[in-house]
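Reproduced below: target_37.cif, with mmCIF, N, CA and C atoms.
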```
data_structure
#
loop_
_atom_site.label_atom_id
_atom_site.label_comp_id
_atom_site.auth_asym_id
_atom_site.auth_seq_id
_atom_site.Cartn_x
_atom_site.Cartn_y
_atom_site.Cartn_z
N MET A 497 59.92 101.98 90.26
CA MET A 497 60.70 101.61 91.43
C MET A 497 60.99 100.12 91.42
N ALA A 498 62.07 99.76 92.01
CA ALA A 498 62.47 98.36 92.07
C ALA A 498 61.57 97.60 93.03
N ASP A 499 61.37 96.34 92.74
CA ASP A 499 60.62 95.45 93.61
C ASP A 499 61.38 95.28 94.92
N PRO A 500 60.75 95.51 96.07
CA PRO A 500 61.46 95.40 97.34
C PRO A 500 61.99 94.00 97.62
N ASN A 501 61.48 93.00 96.94
CA ASN A 501 61.93 91.64 97.18
C ASN A 501 63.15 91.24 96.37
N GLN A 502 63.54 92.09 95.42
CA GLN A 502 64.72 91.77 94.62
C GLN A 502 65.98 91.91 95.45
N GLN A 503 66.99 91.14 95.11
CA GLN A 503 68.26 91.18 95.84
C GLN A 503 69.25 92.05 95.09
N TRP A 504 69.58 93.18 95.65
CA TRP A 504 70.52 94.13 95.07
C TRP A 504 71.84 94.01 95.78
N GLU A 505 72.92 94.18 95.07
CA GLU A 505 74.24 94.24 95.69
C GLU A 505 74.89 95.55 95.31
N GLU A 506 75.64 96.08 96.26
CA GLU A 506 76.35 97.33 96.02
C GLU A 506 77.68 97.01 95.33
N ARG A 507 77.98 97.76 94.30
CA ARG A 507 79.25 97.64 93.60
C ARG A 507 79.86 99.02 93.47
N TRP A 508 81.13 99.07 93.05
CA TRP A 508 81.84 100.34 92.95
C TRP A 508 82.21 100.61 91.50
N SER A 509 81.84 101.78 91.00
CA SER A 509 82.20 102.21 89.65
C SER A 509 83.54 102.93 89.71
N LYS A 510 84.55 102.33 89.08
CA LYS A 510 85.87 102.97 89.05
C LYS A 510 85.85 104.21 88.16
N SER A 511 85.07 104.19 87.11
CA SER A 511 85.05 105.32 86.19
C SER A 511 84.33 106.54 86.79
N ARG A 512 83.33 106.30 87.62
CA ARG A 512 82.58 107.40 88.23
C ARG A 512 82.96 107.63 89.69
N ASN A 513 83.77 106.73 90.25
CA ASN A 513 84.22 106.82 91.64
C ASN A 513 83.04 106.95 92.60
N ARG A 514 82.06 106.07 92.43
CA ARG A 514 80.90 106.06 93.31
C ARG A 514 80.22 104.70 93.26
N ALA A 515 79.37 104.48 94.22
CA ALA A 515 78.65 103.21 94.30
C ALA A 515 77.52 103.17 93.29
N TYR A 516 77.22 101.95 92.85
CA TYR A 516 76.00 101.72 92.09
C TYR A 516 75.44 100.38 92.57
N TYR A 517 74.24 100.04 92.11
CA TYR A 517 73.55 98.85 92.59
C TYR A 517 73.23 97.94 91.42
N PHE A 518 73.51 96.65 91.62
CA PHE A 518 73.34 95.66 90.56
C PHE A 518 72.43 94.55 91.07
N ASN A 519 71.47 94.19 90.23
CA ASN A 519 70.58 93.09 90.54
C ASN A 519 70.95 91.91 89.65
N ALA A 520 71.55 90.88 90.24
CA ALA A 520 72.02 89.73 89.47
C ALA A 520 70.88 88.97 88.81
N ALA A 521 69.71 88.99 89.43
CA ALA A 521 68.56 88.25 88.88
C ALA A 521 68.07 88.87 87.58
N THR A 522 68.10 90.21 87.50
CA THR A 522 67.55 90.89 86.32
C THR A 522 68.63 91.49 85.42
N GLY A 523 69.85 91.63 85.96
CA GLY A 523 70.93 92.27 85.20
C GLY A 523 70.85 93.78 85.21
N GLU A 524 69.92 94.33 85.98
CA GLU A 524 69.72 95.77 86.04
C GLU A 524 70.77 96.44 86.91
N SER A 525 71.25 97.61 86.49
CA SER A 525 72.16 98.44 87.28
C SER A 525 71.54 99.82 87.42
N VAL A 526 71.62 100.38 88.64
CA VAL A 526 71.10 101.72 88.89
C VAL A 526 72.07 102.47 89.80
N TRP A 527 72.06 103.80 89.70
CA TRP A 527 72.94 104.61 90.54
C TRP A 527 72.36 104.80 91.93
N ASP A 528 71.07 105.04 92.04
CA ASP A 528 70.44 105.31 93.33
C ASP A 528 70.01 104.03 94.01
N LYS A 529 70.09 104.00 95.33
CA LYS A 529 69.77 102.82 96.10
C LYS A 529 68.31 102.43 95.92
N PRO A 530 68.05 101.23 95.38
CA PRO A 530 66.67 100.78 95.21
C PRO A 530 66.05 100.39 96.55
N ILE A 531 64.75 100.38 96.59
CA ILE A 531 64.07 99.88 97.77
C ILE A 531 64.52 98.44 98.00
N GLY A 532 64.87 98.13 99.22
CA GLY A 532 65.32 96.77 99.54
C GLY A 532 66.82 96.60 99.46
N ALA A 533 67.57 97.64 99.10
CA ALA A 533 69.02 97.50 98.95
C ALA A 533 69.78 97.94 100.19
N GLY A 534 69.12 98.42 101.19
CA GLY A 534 69.87 98.85 102.36
C GLY A 534 69.06 98.90 103.63
N GLY A 535 67.75 98.81 103.49
CA GLY A 535 66.90 98.81 104.67
C GLY A 535 67.09 100.06 105.50
N ASP A 536 67.27 99.86 106.79
CA ASP A 536 67.41 100.97 107.72
C ASP A 536 68.86 101.34 107.96
N GLN A 537 69.73 100.96 107.07
CA GLN A 537 71.15 101.21 107.25
C GLN A 537 71.51 102.63 106.86
N LEU A 538 72.64 103.07 107.42
CA LEU A 538 73.21 104.38 107.10
C LEU A 538 74.39 104.17 106.16
N ARG A 539 74.79 105.25 105.52
CA ARG A 539 75.99 105.19 104.71
C ARG A 539 76.72 106.52 104.84
N ALA A 540 78.04 106.45 104.95
CA ALA A 540 78.82 107.67 105.09
C ALA A 540 80.22 107.45 104.55
N SER A 541 80.84 108.56 104.20
CA SER A 541 82.27 108.62 103.91
C SER A 541 82.87 109.53 104.96
N HIS A 542 84.15 109.34 105.22
CA HIS A 542 84.77 110.21 106.22
C HIS A 542 86.25 110.39 105.94
N LEU A 543 86.79 111.40 106.58
CA LEU A 543 88.22 111.65 106.59
C LEU A 543 88.60 111.68 108.07
N LEU A 544 89.53 110.84 108.46
CA LEU A 544 89.94 110.71 109.85
C LEU A 544 91.36 111.23 110.03
N VAL A 545 91.54 112.08 111.04
CA VAL A 545 92.88 112.48 111.45
C VAL A 545 93.07 111.98 112.89
N LYS A 546 94.00 111.06 113.04
CA LYS A 546 94.31 110.53 114.37
C LYS A 546 95.29 111.45 115.08
N HIS A 547 95.35 111.27 116.39
CA HIS A 547 96.31 112.01 117.22
C HIS A 547 96.90 111.05 118.22
N ARG A 548 97.87 111.51 118.98
CA ARG A 548 98.61 110.60 119.86
C ARG A 548 97.74 109.99 120.95
N ASP A 549 96.58 110.59 121.25
CA ASP A 549 95.68 110.03 122.25
C ASP A 549 94.56 109.19 121.64
N SER A 550 94.60 108.97 120.34
CA SER A 550 93.62 108.10 119.69
C SER A 550 93.79 106.68 120.22
N ARG A 551 92.75 105.88 120.08
CA ARG A 551 92.83 104.53 120.65
C ARG A 551 93.90 103.69 119.98
N ARG A 552 94.19 103.92 118.70
CA ARG A 552 95.32 103.27 118.02
C ARG A 552 96.07 104.35 117.24
N PRO A 553 97.07 104.97 117.85
CA PRO A 553 97.75 106.10 117.21
C PRO A 553 98.76 105.68 116.13
N SER A 554 98.27 104.94 115.15
CA SER A 554 99.06 104.59 113.97
C SER A 554 98.09 104.39 112.81
N SER A 555 98.62 104.45 111.60
CA SER A 555 97.76 104.29 110.43
C SER A 555 98.60 103.82 109.25
N TRP A 556 97.96 103.64 108.12
CA TRP A 556 98.66 103.26 106.89
C TRP A 556 99.60 104.38 106.45
N ARG A 557 99.34 105.60 106.91
CA ARG A 557 100.15 106.75 106.53
C ARG A 557 101.34 106.97 107.46
N GLU A 558 101.14 106.70 108.74
CA GLU A 558 102.17 106.95 109.76
C GLU A 558 102.18 105.81 110.76
N GLU A 559 103.35 105.24 110.98
CA GLU A 559 103.44 104.13 111.93
C GLU A 559 103.22 104.58 113.36
N ASN A 560 103.73 105.77 113.70
CA ASN A 560 103.62 106.29 115.06
C ASN A 560 103.14 107.73 115.00
N ILE A 561 101.87 107.95 115.29
CA ILE A 561 101.30 109.29 115.21
C ILE A 561 101.59 110.05 116.50
N THR A 562 102.22 111.21 116.36
CA THR A 562 102.63 111.98 117.54
C THR A 562 101.92 113.33 117.64
N ARG A 563 101.08 113.68 116.67
CA ARG A 563 100.43 114.99 116.72
C ARG A 563 99.46 115.06 117.91
N THR A 564 99.25 116.25 118.41
CA THR A 564 98.31 116.46 119.51
C THR A 564 96.87 116.50 118.98
N LYS A 565 95.92 116.41 119.88
CA LYS A 565 94.51 116.53 119.51
C LYS A 565 94.25 117.89 118.88
N GLU A 566 94.88 118.92 119.39
CA GLU A 566 94.70 120.27 118.85
C GLU A 566 95.25 120.37 117.42
N GLU A 567 96.38 119.73 117.17
CA GLU A 567 96.94 119.71 115.82
C GLU A 567 96.03 118.93 114.86
N ALA A 568 95.46 117.83 115.34
CA ALA A 568 94.53 117.05 114.52
C ALA A 568 93.29 117.88 114.19
N LEU A 569 92.78 118.60 115.18
CA LEU A 569 91.62 119.45 114.97
C LEU A 569 91.92 120.55 113.95
N ALA A 570 93.10 121.13 114.04
CA ALA A 570 93.49 122.16 113.07
C ALA A 570 93.56 121.59 111.65
N LYS A 571 94.09 120.37 111.52
CA LYS A 571 94.14 119.74 110.19
C LYS A 571 92.73 119.50 109.65
N ILE A 572 91.84 118.96 110.49
CA ILE A 572 90.46 118.68 110.07
C ILE A 572 89.76 119.96 109.68
N THR A 573 89.95 121.01 110.47
CA THR A 573 89.32 122.30 110.17
C THR A 573 89.81 122.83 108.83
N GLY A 574 91.11 122.68 108.57
CA GLY A 574 91.66 123.10 107.28
C GLY A 574 91.09 122.28 106.12
N PHE A 575 90.94 120.97 106.31
CA PHE A 575 90.37 120.14 105.26
C PHE A 575 88.92 120.54 104.99
N ARG A 576 88.17 120.84 106.04
CA ARG A 576 86.76 121.24 105.86
C ARG A 576 86.69 122.55 105.07
N GLU A 577 87.55 123.48 105.40
CA GLU A 577 87.58 124.75 104.66
C GLU A 577 87.90 124.52 103.19
N ARG A 578 88.84 123.63 102.92
CA ARG A 578 89.19 123.33 101.52
C ARG A 578 88.01 122.72 100.77
N ILE A 579 87.22 121.90 101.45
CA ILE A 579 86.06 121.28 100.81
C ILE A 579 84.97 122.31 100.59
N VAL A 580 84.64 123.07 101.63
CA VAL A 580 83.53 124.02 101.56
C VAL A 580 83.86 125.23 100.68
N ASN A 581 85.07 125.76 100.80
CA ASN A 581 85.42 127.00 100.11
C ASN A 581 86.27 126.81 98.87
N GLY A 582 87.00 125.71 98.81
CA GLY A 582 87.95 125.56 97.73
C GLY A 582 87.55 124.63 96.62
N GLY A 583 86.39 124.03 96.73
CA GLY A 583 85.93 123.17 95.65
C GLY A 583 86.53 121.79 95.65
N GLU A 584 87.31 121.41 96.66
CA GLU A 584 87.82 120.04 96.73
C GLU A 584 86.73 119.15 97.31
N ASP A 585 86.84 117.84 97.09
CA ASP A 585 85.83 116.95 97.64
C ASP A 585 86.44 116.03 98.69
N LEU A 586 85.60 115.58 99.60
CA LEU A 586 86.05 114.75 100.70
C LEU A 586 86.72 113.48 100.20
N GLY A 587 86.15 112.84 99.21
CA GLY A 587 86.70 111.58 98.71
C GLY A 587 88.13 111.71 98.20
N THR A 588 88.41 112.77 97.48
CA THR A 588 89.75 112.99 96.96
C THR A 588 90.73 113.28 98.09
N LEU A 589 90.34 114.13 99.02
CA LEU A 589 91.20 114.43 100.16
C LEU A 589 91.42 113.19 101.03
N ALA A 590 90.37 112.41 101.24
CA ALA A 590 90.49 111.22 102.08
C ALA A 590 91.52 110.25 101.52
N GLN A 591 91.61 110.14 100.21
CA GLN A 591 92.54 109.19 99.59
C GLN A 591 93.99 109.45 99.99
N THR A 592 94.34 110.69 100.23
CA THR A 592 95.73 111.01 100.57
C THR A 592 95.92 111.47 102.01
N GLU A 593 94.86 111.93 102.65
CA GLU A 593 95.02 112.57 103.96
C GLU A 593 94.40 111.80 105.13
N SER A 594 93.51 110.84 104.87
CA SER A 594 92.83 110.15 105.96
C SER A 594 93.73 109.10 106.59
N ASP A 595 93.64 108.98 107.91
CA ASP A 595 94.37 107.95 108.65
C ASP A 595 93.59 106.64 108.74
N CYS A 596 92.46 106.55 108.08
CA CYS A 596 91.65 105.33 108.07
C CYS A 596 91.95 104.52 106.81
N SER A 597 91.88 103.22 106.92
CA SER A 597 92.12 102.37 105.75
C SER A 597 91.05 102.56 104.67
N SER A 598 89.92 103.19 105.02
CA SER A 598 88.90 103.50 104.01
C SER A 598 89.39 104.54 103.01
N ALA A 599 90.56 105.11 103.24
CA ALA A 599 91.13 106.10 102.32
C ALA A 599 91.21 105.55 100.91
N LYS A 600 91.51 104.26 100.78
CA LYS A 600 91.64 103.66 99.44
C LYS A 600 90.31 103.64 98.69
N ARG A 601 89.21 103.86 99.41
CA ARG A 601 87.88 103.94 98.79
C ARG A 601 87.33 105.36 98.86
N GLY A 602 88.23 106.32 98.99
CA GLY A 602 87.81 107.72 99.10
C GLY A 602 87.08 108.00 100.39
N GLY A 603 87.36 107.22 101.42
CA GLY A 603 86.72 107.40 102.72
C GLY A 603 85.38 106.71 102.86
N ASP A 604 84.92 106.04 101.81
CA ASP A 604 83.60 105.39 101.83
C ASP A 604 83.59 104.22 102.81
N LEU A 605 82.68 104.28 103.76
CA LEU A 605 82.52 103.20 104.74
C LEU A 605 81.45 102.21 104.34
N GLY A 606 80.76 102.48 103.24
CA GLY A 606 79.67 101.60 102.82
C GLY A 606 78.49 101.73 103.76
N PHE A 607 77.57 100.77 103.67
CA PHE A 607 76.40 100.78 104.54
C PHE A 607 76.75 100.19 105.89
N PHE A 608 76.17 100.74 106.94
CA PHE A 608 76.34 100.17 108.27
C PHE A 608 75.04 100.35 109.06
N LYS A 609 74.80 99.40 109.94
CA LYS A 609 73.61 99.43 110.77
C LYS A 609 73.87 100.25 112.02
N ARG A 610 72.80 100.72 112.62
CA ARG A 610 72.92 101.43 113.88
C ARG A 610 73.58 100.52 114.91
N GLY A 611 74.49 101.09 115.68
CA GLY A 611 75.21 100.33 116.69
C GLY A 611 76.53 99.77 116.21
N ALA A 612 76.81 99.86 114.91
CA ALA A 612 78.05 99.30 114.36
C ALA A 612 79.23 100.25 114.51
N MET A 613 78.97 101.53 114.62
CA MET A 613 80.03 102.54 114.72
C MET A 613 80.08 103.08 116.14
N GLN A 614 81.15 103.78 116.46
CA GLN A 614 81.25 104.43 117.76
C GLN A 614 80.10 105.43 117.90
N PRO A 615 79.54 105.56 119.11
CA PRO A 615 78.36 106.42 119.29
C PRO A 615 78.53 107.84 118.77
N ALA A 616 79.67 108.48 119.01
CA ALA A 616 79.85 109.86 118.54
C ALA A 616 79.76 109.93 117.02
N PHE A 617 80.36 108.95 116.34
CA PHE A 617 80.33 108.91 114.88
C PHE A 617 78.91 108.67 114.38
N GLU A 618 78.24 107.67 114.96
CA GLU A 618 76.88 107.34 114.53
C GLU A 618 75.93 108.52 114.77
N ASN A 619 76.00 109.12 115.95
CA ASN A 619 75.11 110.24 116.27
C ASN A 619 75.33 111.41 115.32
N ALA A 620 76.59 111.68 115.00
CA ALA A 620 76.88 112.77 114.06
C ALA A 620 76.34 112.44 112.67
N THR A 621 76.48 111.18 112.25
CA THR A 621 75.97 110.76 110.95
C THR A 621 74.45 110.90 110.90
N LEU A 622 73.77 110.46 111.95
CA LEU A 622 72.30 110.55 112.01
C LEU A 622 71.82 112.00 111.97
N ALA A 623 72.61 112.91 112.51
CA ALA A 623 72.22 114.32 112.55
C ALA A 623 72.35 115.00 111.19
N LEU A 624 73.07 114.37 110.27
CA LEU A 624 73.28 114.94 108.94
C LEU A 624 72.18 114.53 107.97
N LYS A 625 71.89 115.39 107.01
CA LYS A 625 71.05 115.02 105.88
C LYS A 625 71.96 114.37 104.84
N VAL A 626 71.41 113.54 103.98
CA VAL A 626 72.19 112.94 102.91
C VAL A 626 72.79 114.06 102.07
N GLY A 627 74.10 113.98 101.84
CA GLY A 627 74.82 114.99 101.09
C GLY A 627 75.42 116.09 101.95
N GLU A 628 75.14 116.08 103.24
CA GLU A 628 75.63 117.12 104.14
C GLU A 628 76.96 116.71 104.78
N LEU A 629 77.85 117.68 104.94
CA LEU A 629 79.16 117.49 105.53
C LEU A 629 79.14 117.97 106.97
N SER A 630 79.70 117.17 107.87
CA SER A 630 79.76 117.54 109.28
C SER A 630 80.86 118.56 109.54
N GLY A 631 80.84 119.12 110.74
CA GLY A 631 81.99 119.81 111.29
C GLY A 631 82.87 118.74 111.90
N PRO A 632 83.92 119.13 112.61
CA PRO A 632 84.78 118.14 113.25
C PRO A 632 83.99 117.28 114.26
N VAL A 633 84.21 115.97 114.20
CA VAL A 633 83.55 115.02 115.10
C VAL A 633 84.63 114.23 115.81
N GLU A 634 84.63 114.30 117.13
CA GLU A 634 85.64 113.62 117.92
C GLU A 634 85.12 112.25 118.35
N SER A 635 85.95 111.21 118.15
CA SER A 635 85.65 109.86 118.63
C SER A 635 86.92 109.28 119.22
N ASP A 636 86.82 108.06 119.72
CA ASP A 636 88.01 107.39 120.26
C ASP A 636 89.07 107.17 119.18
N SER A 637 88.66 107.14 117.93
CA SER A 637 89.61 106.91 116.83
C SER A 637 90.39 108.15 116.44
N GLY A 638 89.82 109.32 116.70
CA GLY A 638 90.46 110.57 116.31
C GLY A 638 89.39 111.60 115.98
N ILE A 639 89.69 112.47 115.04
CA ILE A 639 88.75 113.52 114.65
C ILE A 639 88.37 113.31 113.18
N HIS A 640 87.07 113.34 112.93
CA HIS A 640 86.52 113.02 111.62
C HIS A 640 85.83 114.21 110.97
N LEU A 641 85.81 114.19 109.65
CA LEU A 641 84.81 114.91 108.86
C LEU A 641 83.96 113.81 108.27
N ILE A 642 82.64 113.98 108.35
CA ILE A 642 81.73 112.93 107.87
C ILE A 642 80.82 113.52 106.79
N LEU A 643 80.70 112.79 105.71
CA LEU A 643 79.76 113.12 104.64
C LEU A 643 78.72 112.00 104.60
N ARG A 644 77.47 112.35 104.93
CA ARG A 644 76.43 111.31 104.88
C ARG A 644 76.03 111.09 103.43
N THR A 645 76.08 109.83 103.02
CA THR A 645 75.81 109.48 101.63
C THR A 645 74.61 108.55 101.48
N GLY A 646 73.99 108.16 102.56
CA GLY A 646 72.81 107.29 102.48
C GLY A 646 72.17 107.10 103.82
#
```
I'd like the structure from this file rewritten - as structure tokens, please.
Amino acid sequence: MADPNQQWEERWSKSRNRAYYFNAATGESVWDKPIGAGGDQLRASHLLVKHRDSRRPSSWREENITRTKEEALAKITGFRERIVNGGEDLGTLAQTESDCSSAKRGGDLGFFKRGAMQPAFENATLALKVGELSGPVESDSGIHLILRTG
């Protein structure tokens, strides 16, 4: 195990499309989060579908989002079915379908501390086991699918 006092930084592997950890002091790279690399932080990826009642009903995909909350929920439900039953993954779908700017990172939000996200999002993330996909989660931003990754 890594020394808890070492300073690890998170980096992104373009070839594997996932995070890895690099220790500049030792030159060591590892795939799994070493002790001391995240503390009590959470990590998640998500796919967000906004609707016209979202707090900011626009995104990099659409300047003016006009879909209803029910239409957004139907889209999220369809995406979840594609992930669970069709063998697609959240990261790939997020890149083209998410209304969040994290789409360019496959929906990866990186590490975040408790209190940094909207309560509905944080509570849903905390309820998941690492590697588990949520059902639809409603927040002020819209409707999410959340994959807990750390």
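Taking the backbone of this structure through DSSP, the residues of range 517-624 of chain A that come out as strand (DSSP E or B) are Tyr517, Phe518, Asn519, Glu524, Ser525, Val526, Leu538, Arg539, Ala540, Ser541, His542, Leu543, Leu544, Val545, Asp604, Leu605, Gly606, Phe607 and Phe608 of chain A.
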- Task: Run through the PyMOL selection byres (((chain A and resi 624 and name CA) around 12) and name CA) on the given coordinates and return the selected residues as a PyMOL selection string.
- Result: chain A and resi 538-540+617-623+625-631+633+641-646
Store the residues picked out above in a file with N, CA and C atoms, as a PDB file, in the coordinates of the input.
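Saved to selection24.pdb:
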```pdb
ATOM      1  N   LEU A 538      72.640 103.070 107.420  1.00  0.00           N
ATOM      2  CA  LEU A 538      73.210 104.380 107.100  1.00  0.00           C
ATOM      3  C   LEU A 538      74.390 104.170 106.160  1.00  0.00           C
ATOM      4  N   ARG A 539      74.790 105.250 105.520  1.00  0.00           N
ATOM      5  CA  ARG A 539      75.990 105.190 104.710  1.00  0.00           C
ATOM      6  C   ARG A 539      76.720 106.520 104.840  1.00  0.00           C
ATOM      7  N   ALA A 540      78.040 106.450 104.950  1.00  0.00           N
ATOM      8  CA  ALA A 540      78.820 107.670 105.090  1.00  0.00           C
ATOM      9  C   ALA A 540      80.220 107.450 104.550  1.00  0.00           C
ATOM     10  N   PHE A 617      80.360 108.950 116.340  1.00  0.00           N
ATOM     11  CA  PHE A 617      80.330 108.910 114.880  1.00  0.00           C
ATOM     12  C   PHE A 617      78.910 108.670 114.380  1.00  0.00           C
ATOM     13  N   GLU A 618      78.240 107.670 114.960  1.00  0.00           N
ATOM     14  CA  GLU A 618      76.880 107.340 114.530  1.00  0.00           C
ATOM     15  C   GLU A 618      75.930 108.520 114.770  1.00  0.00           C
ATOM     16  N   ASN A 619      76.000 109.120 115.950  1.00  0.00           N
ATOM     17  CA  ASN A 619      75.110 110.240 116.270  1.00  0.00           C
ATOM     18  C   ASN A 619      75.330 111.410 115.320  1.00  0.00           C
ATOM     19  N   ALA A 620      76.590 111.680 115.000  1.00  0.00           N
ATOM     20  CA  ALA A 620      76.880 112.770 114.060  1.00  0.00           C
ATOM     21  C   ALA A 620      76.340 112.440 112.670  1.00  0.00           C
ATOM     22  N   THR A 621      76.480 111.180 112.250  1.00  0.00           N
ATOM     23  CA  THR A 621      75.970 110.760 110.950  1.00  0.00           C
ATOM     24  C   THR A 621      74.450 110.900 110.900  1.00  0.00           C
ATOM     25  N   LEU A 622      73.770 110.460 111.950  1.00  0.00           N
ATOM     26  CA  LEU A 622      72.300 110.550 112.010  1.00  0.00           C
ATOM     27  C   LEU A 622      71.820 112.000 111.970  1.00  0.00           C
ATOM     28  N   ALA A 623      72.610 112.910 112.510  1.00  0.00           N
ATOM     29  CA  ALA A 623      72.220 114.320 112.550  1.00  0.00           C
ATOM     30  C   ALA A 623      72.350 115.000 111.190  1.00  0.00           C
ATOM     31  N   LYS A 625      71.890 115.390 107.010  1.00  0.00           N
ATOM     32  CA  LYS A 625      71.050 115.020 105.880  1.00  0.00           C
ATOM     33  C   LYS A 625      71.960 114.370 104.840  1.00  0.00           C
ATOM     34  N   VAL A 626      71.410 113.540 103.980  1.00  0.00           N
ATOM     35  CA  VAL A 626      72.190 112.940 102.910  1.00  0.00           C
ATOM     36  C   VAL A 626      72.790 114.060 102.070  1.00  0.00           C
ATOM     37  N   GLY A 627      74.100 113.980 101.840  1.00  0.00           N
ATOM     38  CA  GLY A 627      74.820 114.990 101.090  1.00  0.00           C
ATOM     39  C   GLY A 627      75.420 116.090 101.950  1.00  0.00           C
ATOM     40  N   GLU A 628      75.140 116.080 103.240  1.00  0.00           N
ATOM     41  CA  GLU A 628      75.630 117.120 104.140  1.00  0.00           C
ATOM     42  C   GLU A 628      76.960 116.710 104.780  1.00  0.00           C
ATOM     43  N   LEU A 629      77.850 117.680 104.940  1.00  0.00           N
ATOM     44  CA  LEU A 629      79.160 117.490 105.530  1.00  0.00           C
ATOM     45  C   LEU A 629      79.140 117.970 106.970  1.00  0.00           C
ATOM     46  N   SER A 630      79.700 117.170 107.870  1.00  0.00           N
ATOM     47  CA  SER A 630      79.760 117.540 109.280  1.00  0.00           C
ATOM     48  C   SER A 630      80.860 118.560 109.540  1.00  0.00           C
ATOM     49  N   GLY A 631      80.840 119.120 110.740  1.00  0.00           N
ATOM     50  CA  GLY A 631      81.990 119.810 111.290  1.00  0.00           C
ATOM     51  C   GLY A 631      82.870 118.740 111.900  1.00  0.00           C
ATOM     52  N   VAL A 633      84.210 115.970 114.200  1.00  0.00           N
ATOM     53  CA  VAL A 633      83.550 115.020 115.100  1.00  0.00           C
ATOM     54  C   VAL A 633      84.630 114.230 115.810  1.00  0.00           C
ATOM     55  N   LEU A 641      85.810 114.190 109.650  1.00  0.00           N
ATOM     56  CA  LEU A 641      84.810 114.910 108.860  1.00  0.00           C
ATOM     57  C   LEU A 641      83.960 113.810 108.270  1.00  0.00           C
ATOM     58  N   ILE A 642      82.640 113.980 108.350  1.00  0.00           N
ATOM     59  CA  ILE A 642      81.730 112.930 107.870  1.00  0.00           C
ATOM     60  C   ILE A 642      80.820 113.520 106.790  1.00  0.00           C
ATOM     61  N   LEU A 643      80.700 112.790 105.710  1.00  0.00           N
ATOM     62  CA  LEU A 643      79.760 113.120 104.640  1.00  0.00           C
ATOM     63  C   LEU A 643      78.720 112.000 104.600  1.00  0.00           C
ATOM     64  N   ARG A 644      77.470 112.350 104.930  1.00  0.00           N
ATOM     65  CA  ARG A 644      76.430 111.310 104.880  1.00  0.00           C
ATOM     66  C   ARG A 644      76.030 111.090 103.430  1.00  0.00           C
ATOM     67  N   THR A 645      76.080 109.830 103.020  1.00  0.00           N
ATOM     68  CA  THR A 645      75.810 109.480 101.630  1.00  0.00           C
ATOM     69  C   THR A 645      74.610 108.550 101.480  1.00  0.00           C
ATOM     70  N   GLY A 646      73.990 108.160 102.560  1.00  0.00           N
ATOM     71  CA  GLY A 646      72.810 107.290 102.480  1.00  0.00           C
ATOM     72  C   GLY A 646      72.170 107.100 103.820  1.00  0.00           C
TER      73      GLY A 646
END
```
- Task: Pull out every residue that the PyMOL selection byres (((chain A and resi 639 and name CA) around 6) and name CA) matches in the shown coordinates and put them as number ranges by chain.
- Result: A: 544-545, 633-634, 638, 640
For the residues in the current selection, export N, CA and C atoms as a PDB file, in the frame of the given file.
```pdb
ATOM      1  N   LEU A 544      89.530 110.840 108.460  1.00  0.00           N
ATOM      2  CA  LEU A 544      89.940 110.710 109.850  1.00  0.00           C
ATOM      3  C   LEU A 544      91.360 111.230 110.030  1.00  0.00           C
ATOM      4  N   VAL A 545      91.540 112.080 111.040  1.00  0.00           N
ATOM      5  CA  VAL A 545      92.880 112.480 111.450  1.00  0.00           C
ATOM      6  C   VAL A 545      93.070 111.980 112.890  1.00  0.00           C
ATOM      7  N   VAL A 633      84.210 115.970 114.200  1.00  0.00           N
ATOM      8  CA  VAL A 633      83.550 115.020 115.100  1.00  0.00           C
ATOM      9  C   VAL A 633      84.630 114.230 115.810  1.00  0.00           C
ATOM     10  N   GLU A 634      84.630 114.300 117.130  1.00  0.00           N
ATOM     11  CA  GLU A 634      85.640 113.620 117.920  1.00  0.00           C
ATOM     12  C   GLU A 634      85.120 112.250 118.350  1.00  0.00           C
ATOM     13  N   GLY A 638      89.820 109.320 116.700  1.00  0.00           N
ATOM     14  CA  GLY A 638      90.460 110.570 116.310  1.00  0.00           C
ATOM     15  C   GLY A 638      89.390 111.600 115.980  1.00  0.00           C
ATOM     16  N   HIS A 640      87.070 113.340 112.930  1.00  0.00           N
ATOM     17  CA  HIS A 640      86.520 113.020 111.620  1.00  0.00           C
ATOM     18  C   HIS A 640      85.830 114.210 110.970  1.00  0.00           C
TER      19      HIS A 640
END
```
- Written as number ranges by chain, what is the full residue list that the PyMOL selection byres (((chain A and resi 636 and name CA) around 6) and name CA) yields on the file shown? A: 550-551, 635, 637-638
- Contact residues around Ala590 in chain A with all atoms listed in the file at 6 Å, ignoring same-chain residues under 2 positions, as number ranges by chain: A: 542-543, 585-588, 592-594, 599, 602-603
Using N, CA and C atoms, can you export the residues from the last selection as a compact mmCIF listing (two decimals), keeping the file's coordinate frame?
```txt
# COMPACT_ATOMS: atom_id res chain seq x y z
N HIS A 542 84.15 109.34 105.22
CA HIS A 542 84.77 110.21 106.22
C HIS A 542 86.25 110.39 105.94
N LEU A 543 86.79 111.40 106.58
CA LEU A 543 88.22 111.65 106.59
C LEU A 543 88.60 111.68 108.07
N ASP A 585 86.84 117.84 97.09
CA ASP A 585 85.83 116.95 97.64
C ASP A 585 86.44 116.03 98.69
N LEU A 586 85.60 115.58 99.60
CA LEU A 586 86.05 114.75 100.70
C LEU A 586 86.72 113.48 100.20
N GLY A 587 86.15 112.84 99.21
CA GLY A 587 86.70 111.58 98.71
C GLY A 587 88.13 111.71 98.20
N THR A 588 88.41 112.77 97.48
CA THR A 588 89.75 112.99 96.96
C THR A 588 90.73 113.28 98.09
N THR A 592 94.34 110.69 100.23
CA THR A 592 95.73 111.01 100.57
C THR A 592 95.92 111.47 102.01
N GLU A 593 94.86 111.93 102.65
CA GLU A 593 95.02 112.57 103.96
C GLU A 593 94.40 111.80 105.13
N SER A 594 93.51 110.84 104.87
CA SER A 594 92.83 110.15 105.96
C SER A 594 93.73 109.10 106.59
N ALA A 599 90.56 105.11 103.24
CA ALA A 599 91.13 106.10 102.32
C ALA A 599 91.21 105.55 100.91
N GLY A 602 88.23 106.32 98.99
CA GLY A 602 87.81 107.72 99.10
C GLY A 602 87.08 108.00 100.39
N GLY A 603 87.36 107.22 101.42
CA GLY A 603 86.72 107.40 102.72
C GLY A 603 85.38 106.71 102.86
```
